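Here's the structure we're looking at; comments come further down.
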Amino acid sequence: MQVPSSSARRPSGSAWGWVPSLYFVQGIPYVVVMSLSTVIYKNMSVSNTDLALYTSGLYLPWVIKPLWSPLVEMLGTKRLWTTLLQLGMGAALAAVALTLPMDHFFQLSLAMFWLMAFASASHDIAADGYYMLALPQHAQAAFVGVRSTFYRLANIAGNGGMVWLAGELHDEGRDWAHAWQLVLSIVAAVFIGLAAFHAWRLPRPPNDLPAPREERQWRHFFSIFAEFFRKPGLLVIIGFLLLYRFPEAQLLKLATPFLLDPVQVGGLGLDNKAVGLAYGTVGLVALTLGGLLGGWIISRVGLKRALWPLVLAMHLPNVVFLAMAWSHPGSLLLICAALAVEQFGYGLGFTAYLMFMILVADGPHKTAHYALCTGFMALGMMVPGMWSGWLQEQLGYLHFFGWVLVAALPSLLMTALIRVPEGFGQQQAAA
């Protein structure tokens with residue numbers, strides 16, 4: 001009996017060699033499509049209403065990805081899907097870079113962003129399924145903070161480092177189109193390099209196998225969906241998945257425009273380099289600590305006991321945006337401190353959401369069911385994000401951030417309704 005125990009520990013030990021880079025790579029195309037695109041379009045004088053509407057529409061591939069998620073279960077291995085899709089996303093990043101100096105850049109770049117979004121959504125299915133196959137449950141809980149942190153580090157690398165670099169290139173005399181073209185070309189090259197690293201480094205779990213031939217049928221395809229929708233308490237589960245990020249869905253699209261817009265229209269009047277510094281230094285450290293701490297807390301006390309503190313830690317720090325919109329601090333140090341508070345809270349709270357999706361997906365079809373969970377999450381981000389730019393232009397930044405605080409109430413209500421088994425996610429003494 002000692003041999004299975006030892007082998008069960010081995011994946012979690014080696015996971016440090018691939019979990020951080022896998023989820024950093026998973027985050028890069030997502031942050032480019034959903035966050036960096038708003039900065040690019042803001043720099044190139046697209047209105048808040050248009051950039052929020054059209055970039056929020058890019059959530060659609062993540063919403064509908066469950067429609068093809070059973071194919072990942074049925075055909076090939078999760079490892080093969082993961083590495084091939086990473087190469088495809090690297091090519092898509094390069095294609096976006098090519099479109100920016102062209103006439104009709106808005107339409108052309110959106111088309112390339114759509115291609116990247118579909119590849120990224122498909123990669124999420126494979127990578128998340130691979131994660132659940134390659135690690136035992138207690139290791140999944142222990143590493144949920146790590147994966148969340150490195151996923152969000154990709155967000156910071158985009159909203160921080162890439163934004164700063166584009167600002168530096170613009171200050172050196174390049175127009176915004178060519179500054180962003182160079183930045184995205186560099187990112188594409190790094191991304192393809194990481195894809196090659198994963199083709200070599202990712203372990204080969206013995207249970208990562210294609211479905212048996214008898215299960216590669218449409219009947220089995222639909223039975224995977226039916227199994228998910230027979231879960232007990234389904235309406236509460238879906239409500240929680242849709243509404244947990246309801247405030248963030250609206251805040252996320254307007255946070256960077258708020259930092260970049262001049263004080264005369266309610267923004268903070270920062271330049272790209274200041275925005276990149278604030279997110280890429282202080283925000284980076286705070287997010288890392290929050291994500292790691294959240295995963296550690298869940299692994300020690302379980303999701304049930306940690307849930308409410310982590311939920312409140314995620315929503316309450318949004319008050320810093322209201323405070324900044326009211327006071328317009330001129331000090332970059334104060335702005336960095338405020339963003340650190342918000343990012344630390346987000347790192348804590350998002351680990352609870354990830355672990356709840358792992359709980360819901362637990363079963364014989366983890367990959368497809370987890371994809372369904374993330375599809376509902378994406379829908380919950382897409383719809384509020386689409387109206388957020390219009391709402392901000394109607395209310396102004398101050399009242400908009402006040403509304404974001406009120407918008408936390410549905411999330412808190414759904415948190416009160418969900419049920420989590422005692423000890424779920426907690427590392428057992430024998431593990």
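Note on naming: chains are A, B, ... as they come in the structure tokens, residues start from 1 per chain, ligands start from 1 in the order shown.
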Within 8 Å of segment 124-147 of chain A: each segment 268-356 of chain A residue with its shortest pair, only C-alpha atoms, as a tab-separated table:
residue	atom	partner	partner_atom	distance
A:Gly291	CA	A:Gly145	CA	4.8
A:Leu292	CA	A:Gly145	CA	4.6
A:Leu293	CA	A:Gly145	CA	7.0
A:Gly294	CA	A:Gly145	CA	6.0
A:Gly295	CA	A:Gly145	CA	3.9
A:Trp296	CA	A:Ala142	CA	6.1
A:Ile298	CA	A:Ala141	CA	6.9
A:Ser299	CA	A:Ala142	CA	5.3
A:Thr351	CA	A:Gly145	CA	5.8
A:Leu354	CA	A:Val144	CA	7.1
A:Met355	CA	A:Val144	CA	7.0
For the residues in that selection, give me N, CA and C atoms as an mmCIF file, in the first residue's frame.
data_model
loop_
_atom_site.group_PDB
_atom_site.id
_atom_site.type_symbol
_atom_site.label_atom_id
_atom_site.label_comp_id
_atom_site.auth_asym_id
_atom_site.auth_seq_id
_atom_site.Cartn_x
_atom_site.Cartn_y
_atom_site.Cartn_z
ATOM 1 N N GLY A 291 -3.484 35.428 -3.889
ATOM 2 C CA GLY A 291 -3.799 34.141 -4.497
ATOM 3 C C GLY A 291 -3.189 32.979 -3.744
ATOM 4 N N LEU A 292 -1.932 33.105 -3.368
ATOM 5 C CA LEU A 292 -1.276 32.031 -2.627
ATOM 6 C C LEU A 292 -1.912 31.836 -1.255
ATOM 7 N N LEU A 293 -2.222 32.951 -0.591
ATOM 8 C CA LEU A 293 -2.834 32.849 0.734
ATOM 9 C C LEU A 293 -4.214 32.214 0.646
ATOM 10 N N GLY A 294 -5.006 32.584 -0.368
ATOM 11 C CA GLY A 294 -6.333 31.995 -0.514
ATOM 12 C C GLY A 294 -6.275 30.492 -0.720
ATOM 13 N N GLY A 295 -5.374 30.024 -1.585
ATOM 14 C CA GLY A 295 -5.234 28.587 -1.787
ATOM 15 C C GLY A 295 -4.766 27.873 -0.533
ATOM 16 N N TRP A 296 -3.830 28.497 0.192
ATOM 17 C CA TRP A 296 -3.349 27.886 1.429
ATOM 18 C C TRP A 296 -4.456 27.792 2.472
ATOM 19 N N ILE A 298 -7.719 27.550 1.973
ATOM 20 C CA ILE A 298 -8.665 26.494 1.610
ATOM 21 C C ILE A 298 -8.069 25.121 1.892
ATOM 22 N N SER A 299 -6.796 24.933 1.583
ATOM 23 C CA SER A 299 -6.167 23.629 1.807
ATOM 24 C C SER A 299 -6.046 23.303 3.292
ATOM 25 N N THR A 351 -9.837 32.449 -5.543
ATOM 26 C CA THR A 351 -9.495 31.060 -5.241
ATOM 27 C C THR A 351 -10.727 30.292 -4.776
ATOM 28 N N LEU A 354 -12.732 29.355 -7.932
ATOM 29 C CA LEU A 354 -12.100 28.251 -8.657
ATOM 30 C C LEU A 354 -12.356 26.918 -7.953
ATOM 31 N N MET A 355 -12.240 26.903 -6.632
ATOM 32 C CA MET A 355 -12.422 25.652 -5.897
ATOM 33 C C MET A 355 -13.874 25.199 -5.950
#
May I have the residues within 9 Å of Arg245 of chain A as a ChimeraX atom specification, using only C-alpha atoms and disregarding those fewer than 2 positions away in the same chain? /A:240-243,247-250,315,350,377,380-381,408,411
Contacts of Trp176 of chain A at 10 Å (only C-alpha atoms; same-chain gap of 6+ positions) as a PDB file with C-alpha atoms, in the first residue's frame:
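Full text of part-v8.pdb as output:
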ATOM      1  CA  ILE A  40      -5.211  49.299 -27.270  1.00  0.00           C
ATOM      2  CA  TYR A  41      -8.562  50.654 -28.441  1.00  0.00           C
ATOM      3  CA  ASN A  43      -5.073  54.501 -26.968  1.00  0.00           C
ATOM      4  CA  MET A  44      -6.379  54.491 -30.540  1.00  0.00           C
ATOM      5  CA  LEU A 100      -3.007  47.235 -36.110  1.00  0.00           C
ATOM      6  CA  PRO A 101      -1.342  49.614 -38.627  1.00  0.00           C
ATOM      7  CA  ALA A 166       3.742  50.393 -25.237  1.00  0.00           C
ATOM      8  CA  GLY A 167       3.804  53.729 -23.404  1.00  0.00           C
ATOM      9  CA  LEU A 169       7.658  53.054 -27.199  1.00  0.00           C
ATOM     10  CA  HIS A 170       5.066  55.784 -27.791  1.00  0.00           C
TER      11      HIS A 170
END
